[in-house]
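Quick look at structure_16.cif (mmCIF, C-alpha atoms):
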```cif
data_protein
loop_
_atom_site.label_atom_id
_atom_site.label_comp_id
_atom_site.auth_asym_id
_atom_site.auth_seq_id
_atom_site.Cartn_x
_atom_site.Cartn_y
_atom_site.Cartn_z
CA MET A 1083 19.96 6.21 -3.09
CA GLU A 1084 21.18 3.55 -0.65
CA ASN A 1085 17.60 2.71 0.36
CA LEU A 1086 16.69 2.33 -3.32
CA TYR A 1087 19.58 -0.10 -3.89
CA ILE A 1088 18.53 -2.16 -0.86
CA LEU A 1089 14.94 -2.19 -2.12
CA ILE A 1090 16.09 -3.46 -5.53
CA ALA A 1091 18.18 -6.16 -3.87
CA ALA A 1092 15.18 -7.26 -1.79
CA PHE A 1093 13.04 -7.41 -4.94
CA VAL A 1094 15.64 -9.50 -6.81
CA SER A 1095 15.99 -11.89 -3.87
CA ALA A 1096 12.20 -12.41 -3.76
CA VAL A 1097 12.13 -13.20 -7.49
CA ALA A 1098 15.06 -15.61 -7.15
CA LEU A 1099 13.62 -17.41 -4.11
CA GLY A 1100 10.21 -17.74 -5.74
CA ARG A 1101 11.85 -19.09 -8.88
CA MET A 1102 13.71 -21.71 -6.83
CA ILE A 1103 10.82 -22.80 -4.59
CA ILE A 1104 7.88 -23.07 -7.03
CA PRO A 1105 9.37 -25.96 -9.11
CA ASN A 1106 9.85 -27.92 -5.88
CA ILE A 1107 6.25 -27.28 -4.86
CA LEU A 1108 5.19 -28.56 -8.29
CA ILE A 1109 7.18 -31.78 -7.75
CA ILE A 1110 5.69 -32.33 -4.27
CA SER A 1111 2.16 -31.60 -5.51
CA LEU A 1112 2.51 -34.04 -8.40
CA ARG A 1113 3.96 -36.79 -6.19
CA LYS A 1114 1.32 -36.36 -3.47
CA ARG A 1115 -1.45 -35.68 -6.02
CA LEU A 1116 -2.44 -32.36 -4.46
CA PHE A 1117 -4.53 -31.05 -7.34
CA ASP A 1118 -7.32 -28.60 -8.03
CA VAL A 1119 -9.74 -30.95 -9.80
CA PRO A 1120 -11.85 -29.46 -12.63
CA ASP A 1121 -15.65 -29.17 -12.22
CA GLU A 1122 -18.51 -27.42 -14.01
CA ARG A 1123 -17.69 -24.06 -12.36
CA LYS A 1124 -13.97 -24.02 -13.16
CA VAL A 1125 -12.22 -23.01 -16.37
CA HIS A 1126 -9.31 -25.47 -16.44
CA LYS A 1127 -9.86 -28.93 -17.93
CA ARG A 1128 -7.02 -30.87 -16.29
CA PRO A 1129 -5.98 -31.32 -12.64
CA VAL A 1130 -3.52 -28.56 -11.67
CA PRO A 1131 -1.48 -28.20 -8.45
CA ARG A 1132 -2.90 -25.38 -6.29
CA LEU A 1133 -0.20 -24.75 -3.71
CA GLY A 1134 1.66 -21.95 -5.50
CA GLY A 1135 0.59 -19.49 -2.83
CA VAL A 1136 2.50 -21.47 -0.20
CA THR A 1137 5.58 -19.71 -1.57
CA PHE A 1138 4.37 -16.17 -0.92
CA PHE A 1139 4.45 -15.67 2.85
CA PRO A 1140 7.81 -17.35 3.62
CA VAL A 1141 9.59 -15.51 0.79
CA ILE A 1142 8.04 -12.16 1.75
CA LEU A 1143 8.93 -12.67 5.40
CA PHE A 1144 12.52 -13.72 4.64
CA SER A 1145 13.25 -10.90 2.19
CA LEU A 1146 11.61 -8.24 4.33
CA CYS A 1147 13.39 -9.30 7.52
CA VAL A 1148 16.83 -9.73 5.97
CA PHE A 1149 16.88 -6.49 4.02
CA THR A 1150 15.30 -4.48 6.82
CA ALA A 1151 18.18 -5.72 8.97
CA VAL A 1152 20.60 -4.63 6.22
CA ARG A 1153 19.04 -1.16 6.28
CA LEU A 1154 19.47 -0.95 10.04
CA LEU A 1155 23.07 -2.23 9.97
CA THR A 1156 24.05 0.27 7.28
CA GLY A 1157 22.38 3.15 9.10
CA HIS A 1158 19.62 3.68 6.54
CA GLY A 1159 16.72 2.46 8.63
CA PRO A 1160 13.70 4.50 9.72
CA GLU A 1161 14.03 7.40 12.13
CA GLU A 1162 14.28 6.40 15.80
CA ALA A 1163 11.03 8.20 16.61
CA LYS A 1164 9.18 6.03 14.09
CA VAL A 1165 10.85 2.67 14.76
CA ASP A 1166 8.56 1.54 17.60
CA ARG A 1167 5.39 2.27 15.67
CA LEU A 1168 6.74 0.71 12.46
CA VAL A 1169 7.88 -2.47 14.22
CA CYS A 1170 4.49 -2.75 15.93
CA GLU A 1171 2.64 -2.39 12.61
CA PHE A 1172 4.75 -5.01 10.84
CA LEU A 1173 4.67 -7.51 13.72
CA PHE A 1174 0.88 -7.39 13.84
CA LEU A 1175 0.78 -7.60 10.03
CA MET A 1176 2.91 -10.75 10.10
CA GLY A 1177 0.74 -12.15 12.89
CA GLY A 1178 -2.36 -11.71 10.74
CA LEU A 1179 -0.60 -13.17 7.71
CA THR A 1180 0.39 -16.22 9.77
CA LEU A 1181 -3.23 -16.90 10.70
CA LEU A 1182 -4.38 -16.55 7.08
CA TYR A 1183 -1.47 -18.67 5.86
CA ILE A 1184 -2.48 -21.53 8.16
CA ILE A 1185 -6.18 -21.39 7.28
CA GLY A 1186 -5.30 -21.03 3.58
CA ILE A 1187 -3.14 -24.16 3.57
CA GLY A 1188 -5.87 -26.02 5.40
CA ASP A 1189 -8.44 -24.97 2.84
CA ASP A 1190 -6.20 -25.89 -0.11
CA LEU A 1191 -5.43 -29.32 1.33
CA VAL A 1192 -8.65 -30.53 2.97
CA GLY A 1193 -11.16 -27.67 2.74
CA VAL A 1194 -12.35 -25.32 5.49
CA ARG A 1195 -15.92 -24.13 6.18
CA TYR A 1196 -16.49 -20.50 5.23
CA ARG A 1197 -17.61 -19.61 8.78
CA ARG A 1198 -14.24 -20.67 10.14
CA LYS A 1199 -12.44 -18.78 7.38
CA PHE A 1200 -14.42 -15.63 8.17
CA LEU A 1201 -13.59 -15.94 11.86
CA VAL A 1202 -9.88 -16.13 11.09
CA GLN A 1203 -10.19 -13.21 8.67
CA ILE A 1204 -11.89 -11.10 11.33
CA LEU A 1205 -9.15 -11.95 13.84
CA SER A 1206 -6.52 -11.02 11.25
CA ALA A 1207 -8.36 -7.79 10.42
CA ALA A 1208 -8.30 -6.83 14.11
CA MET A 1209 -4.50 -6.76 13.99
CA PHE A 1210 -4.48 -3.45 12.10
CA PRO A 1211 -6.46 -1.32 14.60
CA ILE A 1212 -4.54 -2.92 17.46
CA SER A 1213 -1.31 -1.70 15.86
CA GLY A 1214 -2.82 1.77 15.39
CA VAL A 1215 -3.62 1.49 11.66
CA TYR A 1216 -7.23 2.29 10.79
CA ILE A 1217 -9.37 4.54 8.58
CA ASN A 1218 -9.55 7.94 10.28
CA CYS A 1219 -10.28 10.30 7.38
CA PHE A 1220 -12.35 10.25 4.17
CA TYR A 1221 -10.65 13.36 2.73
CA GLY A 1222 -13.97 14.89 1.66
CA LEU A 1223 -15.54 11.80 0.09
CA PHE A 1224 -19.33 12.12 0.60
CA GLY A 1225 -18.54 15.35 2.44
CA ILE A 1226 -16.81 13.45 5.26
CA TYR A 1227 -13.38 14.32 6.58
CA MET A 1228 -12.26 13.12 10.04
CA VAL A 1229 -13.70 9.78 11.19
CA PRO A 1230 -13.89 8.91 14.93
CA ALA A 1231 -12.17 5.74 16.10
CA ALA A 1232 -15.53 4.21 17.11
CA VAL A 1233 -16.50 4.28 13.43
CA GLY A 1234 -13.07 3.93 11.82
CA ILE A 1235 -11.99 0.74 13.63
CA PRO A 1236 -15.01 -1.45 12.72
CA LEU A 1237 -14.99 0.08 9.21
CA THR A 1238 -11.32 -0.87 8.88
CA MET A 1239 -12.00 -4.47 9.90
CA LEU A 1240 -14.89 -4.65 7.43
CA LEU A 1241 -12.70 -3.30 4.61
CA VAL A 1242 -9.88 -5.75 5.37
CA VAL A 1243 -12.24 -8.74 5.20
CA PHE A 1244 -13.91 -7.28 2.08
CA ILE A 1245 -10.66 -6.65 0.15
CA THR A 1246 -9.15 -9.98 1.20
CA ASN A 1247 -12.19 -11.84 -0.13
CA ALA A 1248 -12.35 -9.67 -3.25
CA ILE A 1249 -8.89 -10.88 -4.30
CA ASN A 1250 -9.82 -14.43 -3.35
CA LEU A 1251 -13.02 -14.38 -5.44
CA ILE A 1252 -11.47 -12.73 -8.53
CA ASP A 1253 -9.00 -15.63 -8.77
CA GLY A 1254 -10.99 -17.44 -11.45
CA ILE A 1255 -8.78 -17.46 -14.56
CA ASP A 1256 -5.03 -17.73 -15.01
CA GLY A 1257 -3.13 -14.63 -13.94
CA LEU A 1258 -6.14 -12.47 -13.04
CA ALA A 1259 -5.76 -12.18 -9.26
CA SER A 1260 -1.96 -12.15 -9.43
CA GLY A 1261 -1.94 -9.67 -12.33
CA LEU A 1262 -4.35 -7.22 -10.69
CA SER A 1263 -2.42 -7.57 -7.42
CA MET A 1264 0.92 -6.90 -9.11
CA VAL A 1265 -0.34 -3.69 -10.69
CA ALA A 1266 -1.86 -2.51 -7.40
CA LEU A 1267 1.32 -3.34 -5.50
CA LEU A 1268 3.46 -1.49 -8.05
CA VAL A 1269 1.27 1.61 -7.66
CA PHE A 1270 1.53 1.45 -3.88
CA GLY A 1271 5.26 0.78 -4.08
CA VAL A 1272 5.86 3.84 -6.26
CA LEU A 1273 3.69 5.99 -3.98
CA PHE A 1274 5.59 4.88 -0.89
CA VAL A 1275 8.94 5.51 -2.59
CA HIS A 1276 7.68 8.98 -3.51
CA TYR A 1277 6.87 9.69 0.13
CA GLN A 1278 10.17 8.12 1.32
CA MET A 1279 8.30 5.39 3.23
CA TRP A 1280 10.90 2.76 2.44
CA SER A 1281 9.71 -0.05 4.70
CA TYR A 1282 6.27 -0.08 3.10
CA ALA A 1283 7.79 0.26 -0.38
CA MET A 1284 10.03 -2.74 0.33
CA LEU A 1285 7.04 -4.86 1.36
CA ALA A 1286 5.22 -3.87 -1.85
CA PHE A 1287 8.12 -4.66 -4.19
CA VAL A 1288 9.08 -7.86 -2.38
CA THR A 1289 5.50 -9.07 -2.84
CA VAL A 1290 5.65 -8.19 -6.54
CA GLY A 1291 8.94 -10.09 -6.70
CA VAL A 1292 7.47 -13.33 -5.40
CA ILE A 1293 4.40 -13.01 -7.66
CA ILE A 1294 6.47 -12.75 -10.87
CA PRO A 1295 7.75 -16.37 -10.99
CA PHE A 1296 4.33 -17.65 -9.92
CA PHE A 1297 2.69 -15.60 -12.70
CA SER A 1298 4.96 -17.14 -15.31
CA TYR A 1299 4.07 -20.68 -14.23
CA ASN A 1300 0.38 -19.86 -13.79
CA VAL A 1301 -0.17 -18.09 -17.13
CA PHE A 1302 2.46 -19.61 -19.41
CA GLY A 1303 2.96 -23.03 -17.81
CA ASP A 1304 1.84 -26.20 -19.59
CA ALA A 1305 -0.52 -28.37 -17.52
CA ASP A 1306 0.24 -31.43 -19.68
CA MET A 1307 3.94 -31.07 -18.84
CA GLY A 1308 3.28 -30.55 -15.12
CA ARG A 1309 4.54 -26.95 -15.30
CA LYS A 1310 1.34 -25.13 -14.36
CA ILE A 1311 0.29 -24.10 -10.85
CA PHE A 1312 -2.49 -22.16 -9.09
CA MET A 1313 -2.03 -19.94 -6.03
CA GLY A 1314 -4.96 -21.43 -4.10
CA ASP A 1315 -6.54 -19.75 -1.09
CA THR A 1316 -3.15 -19.54 0.60
CA GLY A 1317 -1.90 -17.15 -2.05
CA SER A 1318 -5.05 -15.12 -2.64
CA LEU A 1319 -5.62 -14.54 1.10
CA THR A 1320 -1.99 -13.46 1.50
CA LEU A 1321 -2.18 -10.99 -1.38
CA GLY A 1322 -5.58 -9.67 -0.33
CA TYR A 1323 -4.46 -9.09 3.24
CA ILE A 1324 -1.28 -7.25 2.20
CA LEU A 1325 -3.24 -5.09 -0.25
CA SER A 1326 -5.81 -4.28 2.44
CA PHE A 1327 -2.94 -3.20 4.72
CA PHE A 1328 -1.64 -0.83 2.05
CA VAL A 1329 -5.12 0.58 1.40
CA ILE A 1330 -5.71 1.29 5.10
CA ARG A 1331 -2.17 2.57 5.71
CA TYR A 1332 -2.18 4.89 2.71
CA CYS A 1333 -5.65 6.21 3.60
CA MET A 1334 -4.70 6.90 7.22
CA TYR A 1335 -4.51 10.60 8.05
CA GLU A 1336 -1.06 11.82 9.04
CA PRO A 1337 -0.66 15.50 10.09
CA ASP A 1338 2.68 15.89 8.29
CA MET A 1339 1.28 14.32 5.10
CA LEU A 1340 -1.96 16.31 4.96
CA LEU A 1341 -0.82 18.97 2.50
CA LEU A 1342 0.62 16.29 0.20
CA THR A 1343 -2.33 13.90 0.26
CA MET A 1344 -5.43 16.06 0.66
CA LYS A 1345 -5.46 17.09 -2.99
CA SER A 1346 -4.91 13.53 -4.22
CA SER A 1347 -7.64 11.91 -2.04
CA PRO A 1348 -5.83 8.81 -0.70
CA VAL A 1349 -9.14 6.98 -0.24
CA LEU A 1350 -9.97 7.05 -3.95
CA VAL A 1351 -6.36 6.59 -5.09
CA SER A 1352 -5.94 3.44 -3.00
CA PHE A 1353 -9.27 1.96 -4.09
CA SER A 1354 -8.81 2.89 -7.75
CA VAL A 1355 -6.21 0.14 -8.19
CA LEU A 1356 -8.67 -2.42 -6.75
CA MET A 1357 -11.83 -1.02 -8.35
CA VAL A 1358 -12.58 -4.05 -10.53
CA PRO A 1359 -12.35 -6.83 -7.88
CA CYS A 1360 -14.09 -4.70 -5.22
CA LEU A 1361 -17.01 -3.57 -7.40
CA ASP A 1362 -17.33 -7.08 -8.79
CA VAL A 1363 -17.80 -8.54 -5.31
CA VAL A 1364 -20.44 -5.92 -4.47
CA ARG A 1365 -22.30 -6.68 -7.71
CA VAL A 1366 -22.19 -10.45 -7.19
CA VAL A 1367 -23.34 -10.25 -3.56
CA LEU A 1368 -26.21 -7.88 -4.42
CA ARG A 1369 -27.28 -10.16 -7.26
CA ARG A 1370 -27.31 -13.21 -4.99
CA ALA A 1371 -29.28 -11.30 -2.34
CA ARG A 1372 -31.81 -10.13 -4.94
CA ASN A 1373 -32.25 -13.69 -6.23
CA LYS A 1374 -32.45 -15.02 -2.65
CA LYS A 1375 -29.44 -17.28 -3.12
CA PRO A 1376 -26.74 -18.05 -0.52
CA LEU A 1377 -24.31 -15.12 -0.43
CA PHE A 1378 -21.25 -17.35 -0.10
CA MET A 1379 -22.19 -20.11 -2.53
CA PRO A 1380 -19.75 -20.20 -5.50
CA ASP A 1381 -21.26 -19.54 -8.92
CA LYS A 1382 -20.30 -18.35 -12.43
CA THR A 1383 -21.39 -14.72 -12.26
CA HIS A 1384 -18.04 -12.98 -11.68
CA ILE A 1385 -16.60 -10.58 -14.23
CA HIS A 1386 -14.22 -13.17 -15.70
CA HIS A 1387 -17.10 -15.61 -16.16
CA LYS A 1388 -18.96 -12.91 -18.09
CA PHE A 1389 -16.05 -12.41 -20.45
CA LEU A 1390 -15.79 -16.15 -21.05
CA ALA A 1391 -19.53 -16.28 -21.72
CA MET A 1392 -19.10 -13.47 -24.28
CA GLY A 1393 -16.68 -15.68 -26.21
CA PHE A 1394 -13.34 -14.39 -24.91
CA SER A 1395 -10.52 -16.86 -24.39
CA PRO A 1396 -9.07 -16.90 -20.83
CA ARG A 1397 -5.96 -15.07 -22.07
CA LYS A 1398 -7.96 -12.36 -23.85
CA ALA A 1399 -10.26 -12.02 -20.84
CA LEU A 1400 -7.22 -11.52 -18.62
CA VAL A 1401 -5.77 -8.78 -20.81
CA THR A 1402 -9.13 -7.03 -21.26
CA ILE A 1403 -9.94 -7.00 -17.54
CA GLN A 1404 -6.44 -5.70 -16.76
CA LEU A 1405 -6.92 -2.89 -19.29
CA MET A 1406 -10.35 -2.11 -17.87
CA SER A 1407 -8.86 -1.93 -14.37
CA ALA A 1408 -6.07 0.36 -15.64
CA CYS A 1409 -8.66 2.69 -17.23
CA PHE A 1410 -10.59 2.97 -13.97
CA CYS A 1411 -7.34 3.67 -12.12
CA VAL A 1412 -6.12 6.35 -14.55
CA PHE A 1413 -9.51 8.06 -14.72
CA THR A 1414 -9.83 8.16 -10.92
CA ILE A 1415 -6.31 9.47 -10.29
CA VAL A 1416 -6.67 12.15 -12.97
CA GLY A 1417 -10.32 12.91 -12.21
CA ILE A 1418 -9.81 13.77 -8.54
CA ARG A 1419 -7.51 16.62 -9.59
CA TYR A 1420 -10.30 18.36 -11.50
CA LEU A 1421 -13.59 17.02 -10.09
CA ASN A 1422 -15.22 16.53 -6.72
CA ASN A 1423 -14.14 13.26 -5.04
CA THR A 1424 -17.70 12.05 -4.61
CA LEU A 1425 -18.53 12.80 -8.25
CA VAL A 1426 -15.52 10.78 -9.43
CA PHE A 1427 -16.60 7.84 -7.29
CA VAL A 1428 -20.19 8.04 -8.58
CA ILE A 1429 -18.93 8.13 -12.19
CA ASP A 1430 -16.83 5.01 -11.53
CA VAL A 1431 -19.83 3.14 -10.13
CA VAL A 1432 -22.17 4.29 -12.94
CA VAL A 1433 -19.67 3.30 -15.65
CA TRP A 1434 -19.14 -0.08 -13.99
CA THR A 1435 -22.91 -0.65 -13.84
CA LEU A 1436 -23.41 0.32 -17.48
CA LEU A 1437 -20.55 -1.92 -18.59
CA ASN A 1438 -22.09 -4.90 -16.79
CA LEU A 1439 -25.49 -4.22 -18.33
CA TRP A 1440 -23.81 -4.17 -21.73
CA PHE A 1441 -21.97 -7.43 -20.95
CA ASN A 1442 -25.28 -9.04 -19.95
CA ARG A 1443 -26.85 -7.94 -23.23
CA VAL A 1444 -23.95 -9.40 -25.26
CA ILE A 1445 -24.22 -12.68 -23.33
CA ARG A 1446 -27.98 -12.89 -24.00
CA MET A 1447 -27.34 -12.28 -27.70
CA LYS A 1448 -24.71 -15.05 -27.74
CA GLU A 1449 -27.10 -17.45 -26.02
CA GLY A 1450 -29.84 -16.54 -28.48
CA GLU A 1451 -27.55 -17.25 -31.44
CA LYS A 1452 -26.67 -20.67 -30.01
CA LYS A 1453 -30.35 -21.56 -29.57
CA ASN A 1454 -31.10 -20.52 -33.15
CA GLU A 1455 -28.25 -22.67 -34.44
CA GLU A 1456 -29.60 -25.68 -32.54
#
```
So, in terms of structure tokens, how does the structure I just supplied come out?
Amino acid sequence: MENLYILIAAFVSAVALGRMIIPNILIISLRKRLFDVPDERKVHKRPVPRLGGVTFFPVILFSLCVFTAVRLLTGHGPEEAKVDRLVCEFLFLMGGLTLLYIIGIGDDLVGVRYRRKFLVQILSAAMFPISGVYINCFYGLFGIYMVPAAVGIPLTMLLVVFITNAINLIDGIDGLASGLSMVALLVFGVLFVHYQMWSYAMLAFVTVGVIIPFFSYNVFGDADMGRKIFMGDTGSLTLGYILSFFVIRYCMYEPDMLLLTMKSSPVLVSFSVLMVPCLDVVRVVLRRARNKKPLFMPDKTHIHHKFLAMGFSPRKALVTIQLMSACFCVFTIVGIRYLNNTLVFVIDVVVWTLLNLWFNRVIRMKEGEKKNEE
């Protein structure tokens, strides 16, 4: 119970710190005119500060360090045999977050070329295998179980870059990236508490804690009153990187966890909470490749753009996409208990494809109605 109390205290401290820092970032952004200026691709109509994500990394680092120290001082820290490995994992994680934090601030302030951003993301992704965290088992997905390091390490780096960019690209309407991230982090946090992995659970709940005050300003803030803020690349890269760490860490085969996790398929469980942003990126990239367009050129073909084109308001689009993500998650977690892992994954992909075809049809009908009215 002591670890649970410390975890709750860490969560509360992250919420409080975020609540104190974000108003000051708003003041600085307004004074220095550090805005995200509207254009034809963006939803907002007024300039909005975009440095909300600057809050995330410092608050996460402070809360995690302080309350991990409290755990150690009170004798409730990890077992001595696991301390070295755990410290190594978290130090490399913070090293990668530092790199992304710097490149994110640079991009939010002056802009950074995507090649340079990808290079930094690859360097950050390399931190996980170096610390010993990488995909080493598929738990029967596609008939694959153990994965050799020669395959698992590059696959891990690819997944880290992919998930990090998926969160970055889904950040198109108020609360979408932060809302999807909060739900995913809560799922991981509960799972880690269940398995008594308190350090990972603390990281998950601390991250949720710092998102909550940002979410309130981002979704419910009034731009006319200077009370609205975006997370920018600094925030989305931070959240994406932390989520990718949890995905890889939860998927990683552990001999003493095998009997507990083999039936639940950690690979599908971890990806179920990120199904919408991940499948959306795959769809968008494939569409751009098919149309022979630049793969990294921004456009208005993401899932949230589709909902807006169908006539949804940004708030209704947010709620609907969150519900859709929750349905995918629930189906996957329940389905793997009764169906083959590969079959569950195929059903997810087929349903996602059919939904998008339906969305496209609705959008074409809406466009046809507008032309008839004109």
*Excluding same-chain residues fewer than 2 positions from Ile1142 in chain A, what lies within 9 Å of it counting only C-alpha atoms, as number ranges by chain?*
A: 1096, 1137-1140, 1144-1147, 1285, 1288-1289, 1291-1292
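Considering all atoms listed in the file, the residue among A:Asp1189, A:Glu1336, A:Asp1381, A:Asp1256 positioned nearest to Asp1315 in chain A is A:Asp1189.
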Residue neighbourhood range 1248-1250 of chain A, 7 Å, only C-alpha atoms, exclusion window fewer than 2 positions, as a CSV table (one decimal) with C-alpha atoms, keeping the file's coordinate frame:
```
chain,number,residue,atom,x,y,z
A,1244,PHE,CA,-13.9,-7.3,2.1
A,1245,ILE,CA,-10.7,-6.6,0.2
A,1246,THR,CA,-9.2,-10.0,1.2
A,1252,ILE,CA,-11.5,-12.7,-8.5
A,1253,ASP,CA,-9.0,-15.6,-8.8
A,1259,ALA,CA,-5.8,-12.2,-9.3
A,1315,ASP,CA,-6.5,-19.8,-1.1
A,1318,SER,CA,-5.0,-15.1,-2.6
A,1319,LEU,CA,-5.6,-14.5,1.1
A,1322,GLY,CA,-5.6,-9.7,-0.3
A,1359,PRO,CA,-12.4,-6.8,-7.9
A,1360,CYS,CA,-14.1,-4.7,-5.2
A,1363,VAL,CA,-17.8,-8.5,-5.3
```
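Among the candidates A:Met1379, A:Gly1214, A:Ala1371, A:Val1412, the one nearest to Phe1353 in chain A when counting all atoms listed in the file is A:Val1412.
Compared by their closest atoms to Asn1247 in chain A, and using only C-alpha atoms, the residues A:Ser1213, A:Thr1320, A:Ser1095, A:Thr1402 rank with A:Thr1320 nearest.
Of the listed residues A:Val1152, A:Ala1305, A:Ile1311, A:Val1349, the one whose atoms come nearest to Ile1107 in chain A is A:Ile1311, with distances taken using only C-alpha atoms.
Coordinates place CA of Ile1109 in chain A at a distance of 8.4 Å from CA of Gly1308 in chain A.
Counting only C-alpha atoms, range 1182-1187 of chain A has the following residues at most 10 Å away, ignoring those fewer than 4 positions along the same chain: A:Arg1132, A:Leu1133, A:Gly1135, A:Val1136, A:Phe1138, A:Phe1139, A:Pro1140, A:Met1176, A:Gly1177, A:Gly1178, A:Leu1191, A:Val1192, A:Gly1193, A:Val1194, A:Arg1198, A:Lys1199, A:Val1202, A:Gln1203, A:Leu1205, A:Ser1206, A:Gly1314, A:Asp1315, A:Thr1316, A:Gly1317, A:Ser1318, A:Leu1319, A:Thr1320, A:Tyr1323.
Every protein, DNA or RNA residue with an atom at most 10 Å from Lys1388 in chain A, where all atoms listed in the file count and chain neighbours fewer than 6 positions away do not, is listed here: Lys1382, Phe1394, Ala1399, Asn1438, Phe1441, Asn1442, Val1444 and Ile1445 of chain A.
Nearest residue to Gly1222 in chain A, choosing from A:Ile1110, A:Ile1294, A:Leu1089, A:Leu1350 and counting only C-alpha atoms: A:Leu1350.
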*Do you know which residues the PyMOL selection byres ((chain A and resi 1447-1450) around 12) returns on this file, as a ChimeraX atom specification?*
/A:1388-1394,1440-1446,1451-1456
*Proximity to Ala1266 in chain A - best of A:Ile1235, A:Val1165, A:Met1334, A:Met1357, all atoms listed in the file*: A:Met1357
*Please evaluate the PyMOL selection byres ((chain A and resi 1423) around 9) against the structure above and give the resulting residues as a PyMOL selection string.*
chain A and resi 1221-1225+1347+1350+1414+1417-1419+1421-1422+1424-1428
Test item: residues at most 10 Å from Leu1258 in chain A, all atoms listed in the file, excluding those fewer than 5 positions along its chain, as a short mmCIF file (atom, residue, chain, number, x, y, z; two decimals) with C-alpha atoms, in the frame of the given file:
```cif
data_model
loop_
_atom_site.label_atom_id
_atom_site.label_comp_id
_atom_site.auth_asym_id
_atom_site.auth_seq_id
_atom_site.Cartn_x
_atom_site.Cartn_y
_atom_site.Cartn_z
CA ILE A 1249 -8.89 -10.88 -4.30
CA ILE A 1252 -11.47 -12.73 -8.53
CA ASP A 1253 -9.00 -15.63 -8.77
CA SER A 1263 -2.42 -7.57 -7.42
CA MET A 1264 0.92 -6.90 -9.11
CA PHE A 1297 2.69 -15.60 -12.70
CA ASN A 1300 0.38 -19.86 -13.79
CA VAL A 1301 -0.17 -18.09 -17.13
CA PRO A 1359 -12.35 -6.83 -7.88
CA HIS A 1386 -14.22 -13.17 -15.70
CA PRO A 1396 -9.07 -16.90 -20.83
CA ARG A 1397 -5.96 -15.07 -22.07
CA ALA A 1399 -10.26 -12.02 -20.84
CA LEU A 1400 -7.22 -11.52 -18.62
CA VAL A 1401 -5.77 -8.78 -20.81
CA ILE A 1403 -9.94 -7.00 -17.54
CA GLN A 1404 -6.44 -5.70 -16.76
#
```
*Between CA of Gly1303 in chain A and CA of Asn1106 in chain A, measure the distance and give it in Å to one decimal.*
14.6 Å
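CA of Val1366 in chain A is positioned 18.0 Å from CA of Phe1200 in chain A.
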*Residues matched by the PyMOL selection byres ((chain A and resi 1435) around 12), written as a ChimeraX atom specification*: /A:1358,1361-1362,1364-1366,1385,1428-1434,1436-1442
